[in-house]
>>> print(open('query_19.cif').read())   # mmCIF, C-alpha atoms and all ligand atoms
data_structure
loop_
_atom_site.label_atom_id
_atom_site.label_comp_id
_atom_site.auth_asym_id
_atom_site.auth_seq_id
_atom_site.Cartn_x
_atom_site.Cartn_y
_atom_site.Cartn_z
CA MET A 1 163.70 112.26 83.99
CA ASN A 2 165.94 115.29 83.95
CA ALA A 3 164.29 118.54 84.93
CA ALA A 4 165.15 121.39 82.55
CA LYS A 5 168.26 123.21 83.73
CA PRO A 6 167.40 126.75 84.82
CA PRO A 7 168.82 129.38 82.49
CA ILE A 8 171.70 131.68 83.33
CA ARG A 9 170.23 135.12 83.94
CA ARG A 10 171.43 138.50 85.15
CA ALA A 11 170.97 139.39 88.81
CA ILE A 12 171.84 142.61 90.60
CA GLY A 13 172.96 142.68 94.23
CA LEU A 14 172.72 145.68 96.55
CA MET A 15 174.68 145.97 99.76
CA SER A 16 174.74 148.71 102.35
CA GLY A 17 177.28 147.54 104.90
CA THR A 18 177.97 148.24 108.54
CA SER A 19 180.41 151.06 107.60
CA LEU A 20 177.39 153.16 106.52
CA ASP A 21 179.44 154.52 103.61
CA GLY A 22 177.05 153.85 100.76
CA VAL A 23 175.30 151.35 98.51
CA ASP A 24 177.38 148.89 96.50
CA VAL A 25 175.77 147.60 93.31
CA ALA A 26 176.95 144.61 91.28
CA LEU A 27 175.65 142.46 88.47
CA ILE A 28 176.41 138.79 87.98
CA GLU A 29 175.26 136.14 85.53
CA THR A 30 174.09 133.00 87.26
CA ASP A 31 171.59 130.19 87.37
CA GLY A 32 171.78 130.20 91.16
CA GLU A 33 174.49 127.50 91.17
CA VAL A 34 177.20 128.41 88.72
CA ILE A 35 178.50 131.92 88.31
CA ALA A 36 178.88 132.40 84.57
CA GLY A 37 180.29 135.91 84.76
CA PHE A 38 180.74 139.12 86.70
CA GLY A 39 179.14 142.22 85.20
CA PRO A 40 179.47 145.93 85.87
CA THR A 41 179.55 147.40 89.36
CA GLY A 42 178.41 150.69 90.82
CA TYR A 43 178.36 152.69 94.02
CA ARG A 44 176.09 155.32 95.46
CA ALA A 45 177.57 157.11 98.49
CA TYR A 46 175.32 158.27 101.29
CA THR A 47 175.34 162.03 101.77
CA ALA A 48 176.44 163.37 105.15
CA ASP A 49 172.79 164.04 106.02
CA GLU A 50 171.75 160.52 105.08
CA ARG A 51 174.61 159.06 107.12
CA ALA A 52 173.48 161.08 110.12
CA VAL A 53 169.94 159.69 109.77
CA LEU A 54 171.33 156.14 109.55
CA ALA A 55 173.64 156.65 112.52
CA ARG A 56 170.68 157.88 114.61
CA ALA A 57 168.68 154.81 113.59
CA LEU A 58 171.59 152.58 114.60
CA ASP A 59 171.58 154.16 118.06
CA GLU A 60 167.82 153.92 118.46
CA ALA A 61 167.54 150.36 117.20
CA GLY A 62 169.27 149.01 120.30
CA GLY A 63 165.97 149.36 122.15
CA LEU A 64 163.83 147.40 119.66
CA THR A 65 162.03 144.27 120.82
CA ASP A 66 159.91 143.83 117.69
CA ARG A 67 161.71 143.56 114.36
CA ALA A 68 158.76 145.07 112.50
CA ALA A 69 158.54 148.16 114.71
CA ARG A 70 159.49 151.43 113.06
CA PRO A 71 159.66 154.26 115.59
CA PRO A 72 160.16 157.63 113.85
CA ALA A 73 163.98 157.53 113.62
CA LEU A 74 163.85 154.09 112.04
CA ALA A 75 161.00 154.95 109.71
CA GLU A 76 162.96 157.98 108.50
CA ALA A 77 166.09 155.88 107.98
CA GLU A 78 164.15 153.18 106.16
CA ALA A 79 162.83 155.75 103.70
CA VAL A 80 166.40 157.03 103.16
CA VAL A 81 167.70 153.49 102.57
CA THR A 82 164.95 152.59 100.10
CA ARG A 83 165.34 155.84 98.18
CA ALA A 84 169.14 155.57 98.01
CA HIS A 85 168.87 152.00 96.69
CA ALA A 86 166.29 152.98 94.07
CA ASP A 87 168.59 155.83 92.95
CA ALA A 88 171.54 153.45 92.88
CA VAL A 89 169.74 150.94 90.64
CA ALA A 90 168.40 153.62 88.30
CA ALA A 91 171.89 155.14 87.85
CA PHE A 92 173.47 151.70 87.46
CA LEU A 93 171.09 150.67 84.66
CA VAL A 94 171.78 153.91 82.77
CA GLU A 95 175.56 153.62 83.23
CA SER A 96 175.65 150.00 82.14
CA GLY A 97 173.26 150.45 79.20
CA LEU A 98 170.81 147.89 80.56
CA THR A 99 167.04 148.01 80.90
CA ARG A 100 164.93 146.46 83.64
CA ALA A 101 163.89 143.69 81.23
CA ASP A 102 167.53 142.54 81.21
CA ILE A 103 167.45 141.80 84.95
CA GLU A 104 165.78 138.73 86.42
CA VAL A 105 166.04 139.68 90.07
CA ILE A 106 167.57 142.08 92.56
CA GLY A 107 168.98 140.98 95.92
CA PHE A 108 168.42 143.76 98.45
CA HIS A 109 170.24 143.40 101.75
CA GLY A 110 169.13 146.68 103.32
CA GLN A 111 170.84 148.33 106.27
CA THR A 112 171.36 146.29 109.41
CA VAL A 113 170.57 148.36 112.48
CA LEU A 114 170.18 145.53 115.01
CA HIS A 115 171.37 141.96 115.10
CA ARG A 116 170.51 139.82 118.13
CA PRO A 117 169.88 136.36 116.72
CA ALA A 118 169.65 134.79 120.19
CA LEU A 119 166.57 136.95 120.76
CA GLY A 120 165.21 136.19 117.29
CA LEU A 121 165.92 139.76 116.24
CA THR A 122 167.68 140.88 113.09
CA VAL A 123 166.61 144.15 111.52
CA GLN A 124 167.59 145.27 108.03
CA LEU A 125 166.01 148.58 107.10
CA GLY A 126 164.73 148.83 103.53
CA ASP A 127 161.30 148.41 102.01
CA GLY A 128 161.62 145.64 99.41
CA ALA A 129 158.09 146.04 98.08
CA ALA A 130 158.56 149.78 97.59
CA LEU A 131 161.89 149.17 95.84
CA ALA A 132 160.32 146.59 93.49
CA ARG A 133 157.55 149.04 92.65
CA ALA A 134 159.98 151.92 92.18
CA ILE A 135 162.29 150.08 89.80
CA GLY A 136 159.94 147.57 88.18
CA ILE A 137 162.14 144.53 88.88
CA LYS A 138 161.58 141.56 91.21
CA VAL A 139 163.30 142.08 94.54
CA VAL A 140 164.36 139.44 97.07
CA HIS A 141 164.90 141.07 100.47
CA ASP A 142 164.94 140.31 104.20
CA LEU A 143 167.40 137.50 103.55
CA ARG A 144 168.41 136.92 107.19
CA ALA A 145 165.00 136.56 108.85
CA ALA A 146 164.05 132.98 107.95
CA ASP A 147 167.40 131.67 109.13
CA VAL A 148 167.11 133.48 112.47
CA ALA A 149 163.50 132.28 112.87
CA ALA A 150 164.80 128.73 112.35
CA GLY A 151 167.38 129.17 115.10
CA GLY A 152 170.32 130.20 112.90
CA GLN A 153 172.61 133.20 113.30
CA GLY A 154 171.24 134.86 110.15
CA ALA A 155 174.84 135.80 109.29
CA PRO A 156 177.18 135.54 107.57
CA LEU A 157 175.28 134.95 104.32
CA VAL A 158 178.15 135.28 101.83
CA PRO A 159 179.81 131.87 102.39
CA VAL A 160 177.84 129.96 99.74
CA PHE A 161 178.89 132.66 97.28
CA HIS A 162 182.50 132.43 98.47
CA ARG A 163 182.44 128.72 97.72
CA ALA A 164 180.95 129.30 94.27
CA ILE A 165 183.61 131.88 93.29
CA ALA A 166 186.41 129.71 94.63
CA ARG A 167 185.13 126.89 92.41
CA MET A 168 184.82 129.30 89.50
CA ALA A 169 188.42 130.46 89.97
CA GLY A 170 189.66 126.90 90.38
CA ILE A 171 191.15 127.66 93.80
CA ALA A 172 191.57 124.41 95.65
CA PRO A 173 190.61 124.17 99.31
CA PRO A 174 191.56 124.34 102.11
CA LEU A 175 191.29 128.08 101.95
CA ALA A 176 189.93 131.03 103.90
CA ILE A 177 188.11 134.02 102.47
CA LEU A 178 188.22 136.95 104.83
CA ASN A 179 186.05 140.03 104.49
CA ILE A 180 187.17 143.04 106.49
CA GLY A 181 184.25 145.46 106.48
CA GLY A 182 182.85 147.29 109.48
CA VAL A 183 182.68 143.83 111.03
CA ALA A 184 185.06 141.11 109.78
CA ASN A 185 183.90 137.66 108.76
CA VAL A 186 185.65 134.55 107.48
CA THR A 187 184.62 131.56 105.39
CA PHE A 188 186.81 128.50 105.81
CA ILE A 189 186.38 126.05 102.94
CA PHE A 190 187.86 122.69 103.86
CA SER A 191 189.26 119.99 101.58
CA ASP A 192 185.88 118.25 101.36
CA GLU A 193 184.34 121.64 100.34
CA SER A 194 182.39 121.89 103.60
CA MET A 195 182.22 125.40 105.06
CA LEU A 196 182.68 126.95 108.45
CA ALA A 197 181.91 130.65 108.60
CA PHE A 198 181.48 133.29 111.25
CA ASP A 199 182.13 136.89 112.19
CA THR A 200 185.65 137.09 113.59
CA GLY A 201 185.03 140.35 115.47
CA PRO A 202 185.24 144.04 114.65
CA GLY A 203 186.77 144.97 111.29
CA ASN A 204 187.12 148.67 110.54
CA ALA A 205 184.03 150.05 112.27
CA LEU A 206 185.71 150.97 115.55
CA ILE A 207 188.75 152.50 113.82
CA ASP A 208 186.40 154.53 111.59
CA ASP A 209 184.32 155.68 114.57
CA LEU A 210 187.45 156.79 116.44
CA LEU A 211 188.91 158.76 113.54
CA ARG A 212 185.62 160.35 112.63
CA GLU A 213 185.17 161.53 116.22
CA ARG A 214 188.77 162.66 116.82
CA LEU A 215 189.87 163.95 113.41
CA GLY A 216 186.78 164.09 111.22
CA LEU A 217 188.33 161.46 108.93
CA PRO A 218 186.25 158.65 107.41
CA TYR A 219 188.94 156.00 108.02
CA ASP A 220 192.61 155.40 108.74
CA ASP A 221 194.03 155.52 105.21
CA ALA A 222 196.30 152.49 104.70
CA GLY A 223 196.43 152.19 108.51
CA ALA A 224 199.02 154.98 108.62
CA ILE A 225 197.77 156.66 111.80
CA GLY A 226 197.63 153.41 113.76
CA ALA A 227 201.09 152.51 112.43
CA ARG A 228 202.48 155.58 114.24
CA GLY A 229 201.14 154.43 117.61
CA SER A 230 201.66 151.52 119.97
CA PRO A 231 198.87 149.14 120.90
CA GLU A 232 197.93 148.81 124.55
CA GLU A 233 198.42 145.06 124.77
CA PRO A 234 196.84 144.47 128.23
CA LEU A 235 193.63 146.10 126.98
CA ILE A 236 193.62 143.82 123.94
CA ASP A 237 194.24 140.77 126.17
CA TRP A 238 191.25 141.83 128.25
CA LEU A 239 189.06 142.38 125.17
CA MET A 240 190.02 138.99 123.80
CA ARG A 241 188.63 137.43 126.99
CA HIS A 242 185.14 138.46 125.82
CA PRO A 243 183.13 135.21 125.58
CA TYR A 244 182.40 135.88 121.91
CA PHE A 245 185.90 134.83 120.88
CA ALA A 246 185.93 131.47 122.69
CA ALA A 247 182.37 130.62 121.61
CA THR A 248 182.13 127.79 119.12
CA PRO A 249 181.12 129.00 115.64
CA PRO A 250 178.94 129.60 113.69
CA LYS A 251 178.39 132.92 115.48
CA SER A 252 177.69 136.48 114.45
CA LEU A 253 178.26 139.91 115.86
CA ASP A 254 176.22 143.08 116.24
CA ARG A 255 178.27 146.08 115.11
CA ASN A 256 177.54 147.82 118.42
CA TRP A 257 178.83 145.10 120.74
CA PHE A 258 182.19 146.80 120.93
CA SER A 259 182.85 150.54 121.01
CA HIS A 260 185.77 152.78 120.12
CA ARG A 261 185.17 154.46 123.52
CA MET A 262 187.15 151.68 125.20
CA VAL A 263 190.31 153.38 123.90
CA GLY A 264 189.08 156.85 124.90
CA HIS A 265 191.97 157.29 127.34
CA LEU A 266 194.66 156.91 124.64
CA ASP A 267 196.06 159.47 122.22
CA THR A 268 194.86 159.03 118.65
CA PRO A 269 197.76 157.00 117.18
CA ASP A 270 197.84 154.66 120.18
CA ALA A 271 194.05 154.36 120.18
CA ALA A 272 194.05 153.53 116.44
CA ALA A 273 196.95 151.10 116.93
CA THR A 274 195.05 149.36 119.74
CA LEU A 275 191.82 149.01 117.74
CA THR A 276 193.76 147.79 114.70
CA ALA A 277 195.61 145.24 116.82
CA PHE A 278 192.28 144.12 118.31
CA THR A 279 190.96 143.46 114.79
CA LEU A 280 194.19 141.62 113.98
CA ARG A 281 194.10 139.48 117.12
CA SER A 282 190.45 138.55 116.66
CA ILE A 283 191.04 137.49 113.04
CA THR A 284 194.06 135.44 114.07
CA ALA A 285 192.03 133.82 116.86
CA ALA A 286 189.52 132.62 114.26
CA LEU A 287 192.08 130.04 113.17
CA ASP A 288 191.63 128.23 116.50
CA HIS A 289 188.18 127.19 115.30
CA ALA A 290 189.29 125.82 111.92
CA ARG A 291 189.76 122.06 111.85
CA GLU A 292 192.11 122.35 108.87
CA LYS A 293 194.66 125.12 108.32
CA PRO A 294 193.96 127.05 105.12
CA ALA A 295 196.70 126.88 102.50
CA ARG A 296 195.73 130.36 101.43
CA TRP A 297 193.86 133.39 102.77
CA ILE A 298 192.09 135.75 100.38
CA VAL A 299 191.17 139.16 101.77
CA ALA A 300 188.29 141.35 100.58
CA GLY A 301 186.37 144.36 101.88
CA GLY A 302 187.54 147.90 102.46
CA GLY A 303 189.89 146.72 105.21
CA ALA A 304 192.06 145.08 102.56
CA ARG A 305 193.21 148.66 101.88
CA ASN A 306 194.52 148.95 105.41
CA THR A 307 197.98 147.83 104.34
CA ALA A 308 199.42 148.03 107.85
CA LEU A 309 196.72 145.65 109.10
CA CYS A 310 197.12 143.26 106.17
CA GLU A 311 200.90 143.11 106.45
CA ALA A 312 200.63 142.30 110.14
CA LEU A 313 197.98 139.68 109.37
CA GLY A 314 200.22 137.97 106.83
CA GLN A 315 202.93 137.68 109.48
CA HIS A 316 200.59 136.41 112.19
CA LEU A 317 198.80 133.86 110.05
CA GLN A 318 202.05 132.62 108.53
CA THR A 319 200.17 131.78 105.38
CA ARG A 320 199.95 133.20 101.91
CA LEU A 321 197.60 136.18 102.09
CA THR A 322 196.40 137.67 98.84
CA ARG A 323 193.91 140.35 97.96
CA ALA A 324 190.68 139.36 96.25
CA GLU A 325 191.82 141.14 93.07
CA ALA A 326 194.67 138.63 92.72
CA ALA A 327 192.04 135.90 92.38
CA GLY A 328 190.24 137.94 89.71
CA TRP A 329 187.54 139.13 92.10
CA SER A 330 186.39 142.59 93.06
CA GLY A 331 187.25 143.02 96.72
CA ASP A 332 184.95 146.02 97.00
CA HIS A 333 181.92 144.44 95.35
CA LEU A 334 182.10 140.87 96.56
CA GLU A 335 179.24 141.35 99.03
CA ALA A 336 176.97 143.05 96.48
CA GLN A 337 177.73 140.21 94.04
CA ALA A 338 176.91 137.75 96.82
CA PHE A 339 173.47 139.28 97.30
CA ALA A 340 172.80 138.96 93.56
CA TYR A 341 173.72 135.28 93.82
CA LEU A 342 171.69 134.74 96.99
CA ALA A 343 168.63 136.36 95.38
CA MET A 344 168.85 134.01 92.39
CA ARG A 345 169.28 131.05 94.71
CA ALA A 346 166.29 132.15 96.78
CA LEU A 347 164.20 132.64 93.66
CA ARG A 348 165.00 129.07 92.66
CA GLY A 349 164.39 127.64 96.13
CA LEU A 350 168.05 126.72 96.65
CA PRO A 351 169.65 126.83 100.11
CA ILE A 352 171.39 130.02 101.16
CA THR A 353 172.38 129.06 104.72
CA TYR A 354 173.92 125.89 106.11
CA PRO A 355 174.73 124.32 109.47
CA GLY A 356 178.36 125.37 109.00
CA THR A 357 177.60 128.95 108.06
CA THR A 358 174.84 130.06 110.42
CA GLY A 359 174.35 127.05 112.68
CA VAL A 360 170.89 126.37 111.28
CA ALA A 361 169.87 122.69 111.67
CA ALA A 362 169.67 121.95 107.92
CA PRO A 363 170.45 123.86 104.73
CA MET A 364 167.64 126.29 104.00
CA THR A 365 166.55 128.94 101.56
CA GLY A 366 165.34 132.36 102.63
CA GLY A 367 164.35 135.83 101.55
CA VAL A 368 161.05 137.47 100.78
CA LEU A 369 160.04 138.03 97.17
CA ALA A 370 158.52 141.36 96.19
CA GLU A 371 157.05 141.48 92.70
CA PRO A 372 156.86 144.89 91.07
CA ASP A 373 153.14 144.59 90.56
CA ALA A 374 152.05 142.14 93.25
CA GLU A 375 151.92 141.77 96.98
CA GLU A 376 155.07 140.25 98.46
CA GLY A 377 154.99 136.56 99.34
CA ASN A 378 157.30 134.02 100.88
CA LEU A 379 159.66 132.21 98.57
CA PRO A 380 159.25 128.45 98.21
CA GLU A 381 160.85 126.28 100.88
CA ASN A 382 163.60 124.06 99.52
N1 LIG A 401 192.34 153.40 101.88
C1 LIG A 401 191.83 152.80 102.96
N2 LIG A 401 192.61 152.55 104.02
C2 LIG A 401 192.13 151.96 105.13
N3 LIG A 401 190.84 151.55 105.25
C3 LIG A 401 190.01 151.74 104.21
C4 LIG A 401 190.46 152.37 103.01
N4 LIG A 401 189.40 152.43 102.16
C5 LIG A 401 188.37 151.88 102.80
N5 LIG A 401 188.72 151.46 104.02
C6 LIG A 401 187.88 150.86 105.04
O1 LIG A 401 186.87 150.08 104.45
C7 LIG A 401 185.59 150.42 105.00
C8 LIG A 401 184.52 150.08 104.03
O2 LIG A 401 184.62 148.71 103.80
P1 LIG A 401 183.42 147.87 103.26
O3 LIG A 401 182.67 148.67 102.25
O4 LIG A 401 183.94 146.54 102.88
O5 LIG A 401 182.53 147.74 104.58
P2 LIG A 401 181.00 147.41 104.71
O6 LIG A 401 180.57 146.57 103.56
O7 LIG A 401 180.29 148.68 104.95
O8 LIG A 401 180.97 146.57 106.06
P3 LIG A 401 180.43 145.07 106.36
O9 LIG A 401 181.16 144.14 105.45
O10 LIG A 401 180.76 144.88 107.79
O11 LIG A 401 178.97 145.12 106.13
C9 LIG A 401 185.74 151.87 105.34
O12 LIG A 401 184.80 152.27 106.29
C10 LIG A 401 187.17 151.92 105.85
O13 LIG A 401 187.25 151.56 107.19
C1 LIG A 402 173.81 141.19 110.66
C2 LIG A 402 174.66 141.74 109.58
O1 LIG A 402 174.24 142.56 108.80
N1 LIG A 402 175.92 141.25 109.52
C3 LIG A 402 176.85 141.67 108.48
C4 LIG A 402 177.99 142.43 109.12
O2 LIG A 402 178.93 142.86 108.13
C5 LIG A 402 179.94 141.84 108.01
C6 LIG A 402 179.48 140.78 108.96
O3 LIG A 402 178.75 141.55 109.91
C7 LIG A 402 178.51 139.78 108.29
O4 LIG A 402 178.07 138.85 109.24
C8 LIG A 402 177.27 140.44 107.73
O5 LIG A 402 177.36 140.78 106.38
C9 LIG A 402 177.79 139.93 105.36
C10 LIG A 402 177.49 140.54 104.06
C11 LIG A 402 177.23 138.51 105.41
O6 LIG A 402 176.12 138.29 105.87
O7 LIG A 402 177.90 137.63 104.92
#
>>> encode(input="query_19.cif", output="structure tokens")
Amino acid sequence: MNAAKPPIRRAIGLMSGTSLDGVDVALIETDGEVIAGFGPTGYRAYTADERAVLARALDEAGGLTDRAARPPALAEAEAVVTRAHADAVAAFLVESGLTRADIEVIGFHGQTVLHRPALGLTVQLGDGAALARAIGIKVVHDLRAADVAAGGQGAPLVPVFHRAIARMAGIAPPLAILNIGGVANVTFIFSDESMLAFDTGPGNALIDDLLRERLGLPYDDAGAIGARGSPEEPLIDWLMRHPYFAATPPKSLDRNWFSHRMVGHLDTPDAAATLTAFTLRSITAALDHAREKPARWIVAGGGARNTALCEALGQHLQTRLTRAEAAGWSGDHLEAQAFAYLAMRALRGLPITYPGTTGVAAPMTGGVLAEPDAEEGNLPEN
């Protein structure tokens, strides 16, 4: 007997990435398998004060040994994150002319402040139950925890979404989808549609940290400052000897494993050039782990706007490199869309992580469901 096919419904995804810039909001139409359409998108920037609270929490979180612990700096940041996300959803619904009854579920990533999967620790700030109550819509949150508890990396989570949008766009594998955010991650989709995904290394976070500290700038626009300098190659060679790069994937990175301070001795253009070249080298090194060379690379995330980095990448990878927009996707909202998709999959008990994406032993679902008017409960196991 055929079970009734689940209906296509609207889901909203919310992502606050490692760059700490703001909350991305995106709507998709999906049944948890097929993506029937992309809807409107939105963005709610953090204020300078909010960013400062989040940055303090990021510093403090390094000392956590219990993922549920909320010392004062983290409790304050969690309240900021939850409030900013509630504001973001409220504004998004008004702007897009939708009501909460139009939305089946919200996928709420929260703000990662610590990620040490080997110690069973991954902490995303954000109170899913409070968000569900505040906005009156079901919320799926804490999407990394079950995977980590089962021995997985808990990251990256976007690969199953990458595969779905590649299918939707009719892009034949082998291909690579690269996200350059604060941290960079890649999904290789091989000819048999199996996936291998992992964090390649730092993306923009170190470059941002450097320019914020030295020049008060949020980022290196188009990579222009780095393009004026020369990378210190021996330093990059040394950094590339970090065991992370040789480790067999799946693997994931904590944003704070590397610091912009390692280029503290260089002038700003050379320091930016060195950090940019480090990002470039670590992305290129990812290819060593792919059993099949992608015919095409698609680049998303804010780092796709670093034209100097992307031009150099195209040369190094010697493959066609296109921006997500060329495939009909939104490079800036891909992750938020992914969390909408993951929430719908979780709601329907479908797997969100796989041996090839997080190293978990078998495909598994995840997330915690918070009902607007009920206590939160674990989602069904697949
Ligand atoms: N015009 C630009 N030129 C260069 N870099 C840019 C530009 N615009 C944005 N960026 C970079 O993109 C970053 C934001 O990217 P994005 O929103 O994809 O990251 P994130 O989602 O916070 O991180 P992650 O994917 O690691 O969670 C900025 O911090 C900046 O470094
Ligand atoms: C622990 C954590 O929050 N990791 C983020 C981070 O930002 C990029 C990269 O590192 C990726 O592994 C992940 O986010 C994306 C959305 C993911 O899980 O796919």
>>> residues_around(input="query_19.cif", residues="region 326-330 of chain A", least_positions_apart="6", cutoff="10 Å", atoms="all atoms listed in the file", output="number ranges by chain")
A: 26, 38, 41, 165-166, 169-171, 298-301, 337
>>> atom_distance(input="query_19.cif", atom1="CA of His162 (chain A)", atom2="CA of Thr187 (chain A)")
7.3 Å
>>> residues_near_ligand(input="query_19.cif", ligand="ligand LIG 401 (chain A)", cutoff="7 Å", atoms="all atoms listed in the file", output="PyMOL selection string")
chain A and resi 16-21+179-184+203-205+207-208+218-223+301-303+305-306+332
>>> residues_near_ligand(input="query_19.cif", ligand="ligand LIG 402 (chain A)", cutoff="9 Å", atoms="only C-alpha atoms and all ligand atoms", output="JSON, numbers by chain")
{"A": [15, 16, 17, 18, 19, 109, 110, 111, 112, 113, 114, 115, 116, 117, 122, 123, 124, 144, 153, 154, 155, 156, 157, 158, 159, 179, 180, 181, 182, 183, 184, 185, 186, 197, 198, 199, 200, 201, 202, 203, 251, 252, 253, 254, 255, 334, 335, 336, 338, 339]}
>>> closest_residue(input="query_19.cif", among="A:Arg212, A:Pro234, A:Phe245, A:Gly226", to="Leu309 (chain A)", atoms="only C-alpha atoms")
A:Gly226
>>> closest_residue(input="query_19.cif", among="A:Leu54, A:Ala11, A:Leu287, A:Cys310", to="Val80 (chain A)", atoms="only C-alpha atoms")
A:Leu54
>>> residues_around(input="query_19.cif", residues="Thr47 (chain A)", least_positions_apart="3", cutoff="10 Å", atoms="only C-alpha atoms", output="compact mmCIF listing (two decimals) with C-alpha atoms, in the coordinates of the input")
# COMPACT_ATOMS: atom_id res chain seq x y z
CA ASP A 21 179.44 154.52 103.61
CA GLY A 22 177.05 153.85 100.76
CA ARG A 44 176.09 155.32 95.46
CA GLU A 50 171.75 160.52 105.08
CA ARG A 51 174.61 159.06 107.12
CA ALA A 52 173.48 161.08 110.12
CA VAL A 53 169.94 159.69 109.77
CA ALA A 84 169.14 155.57 98.01
>>> closest_residue(input="query_19.cif", among="A:Val23, A:Leu175, A:Ala273, A:Ala134", to="Phe92 (chain A)", atoms="all atoms listed in the file")
A:Val23
>>> residues_around(input="query_19.cif", residues="Arg214 (chain A)", least_positions_apart="4", cutoff="12 Å", atoms="only C-alpha atoms", output="VMD selection string")
chain A and resid 207 to 210 218 to 220 225 260 to 261 263 to 264 266 to 269 271 to 272
>>> closest_residue(input="query_19.cif", among="A:Val148, A:Ile135, A:Val360, A:Ala57", to="Leu74 (chain A)", atoms="all atoms listed in the file")
A:Ala57
>>> axis_aligned_box(input="query_19.cif", around="region 241-256 of chain A", padding_each_side="5 Å", output="JSON")
{"center_x": 182.4, "center_y": 137.8, "center_z": 120.3, "size_x": 22.4, "size_y": 30.0, "size_z": 23.3}
>>> build_atoms(input="query_19.cif", residues="region 26-42 of chain A", atoms="N, CA and C atoms", output="CSV table (one decimal), keeping the file's coordinate frame")
chain,number,residue,atom,x,y,z
A,26,ALA,N,176.2,145.5,92.2
A,26,ALA,CA,177.0,144.6,91.3
A,26,ALA,C,176.0,143.7,90.5
A,27,LEU,N,176.4,143.4,89.3
A,27,LEU,CA,175.6,142.5,88.5
A,27,LEU,C,176.4,141.2,88.3
A,28,ILE,N,175.8,140.1,88.3
A,28,ILE,CA,176.4,138.8,88.0
A,28,ILE,C,175.5,138.0,87.1
A,29,GLU,N,176.1,137.0,86.4
A,29,GLU,CA,175.3,136.1,85.5
A,29,GLU,C,175.3,134.8,86.2
A,30,THR,N,174.1,134.2,86.5
A,30,THR,CA,174.1,133.0,87.3
A,30,THR,C,172.8,132.3,87.1
A,31,ASP,N,172.8,131.0,87.3
A,31,ASP,CA,171.6,130.2,87.4
A,31,ASP,C,171.2,129.9,88.8
A,32,GLY,N,172.0,130.5,89.7
A,32,GLY,CA,171.8,130.2,91.2
A,32,GLY,C,172.8,129.2,91.7
A,33,GLU,N,173.5,128.5,90.8
A,33,GLU,CA,174.5,127.5,91.2
A,33,GLU,C,175.8,128.0,90.7
A,34,VAL,N,175.9,128.0,89.4
A,34,VAL,CA,177.2,128.4,88.7
A,34,VAL,C,177.2,129.9,88.5
A,35,ILE,N,178.4,130.5,88.7
A,35,ILE,CA,178.5,131.9,88.3
A,35,ILE,C,179.2,132.0,86.9
A,36,ALA,N,178.4,132.4,85.9
A,36,ALA,CA,178.9,132.4,84.6
A,36,ALA,C,179.7,133.6,84.3
A,37,GLY,N,179.5,134.7,85.0
A,37,GLY,CA,180.3,135.9,84.8
A,37,GLY,C,180.0,137.0,85.7
A,38,PHE,N,180.9,137.9,85.9
A,38,PHE,CA,180.7,139.1,86.7
A,38,PHE,C,180.5,140.3,85.7
A,39,GLY,N,179.5,141.1,86.1
A,39,GLY,CA,179.1,142.2,85.2
A,39,GLY,C,179.6,143.5,85.8
A,40,PRO,N,179.1,144.6,85.4
A,40,PRO,CA,179.5,145.9,85.9
A,40,PRO,C,179.2,146.1,87.4
A,41,THR,N,179.8,147.1,88.0
A,41,THR,CA,179.6,147.4,89.4
A,41,THR,C,179.3,148.9,89.5
A,42,GLY,N,178.7,149.3,90.6
A,42,GLY,CA,178.4,150.7,90.8
A,42,GLY,C,178.4,151.0,92.3
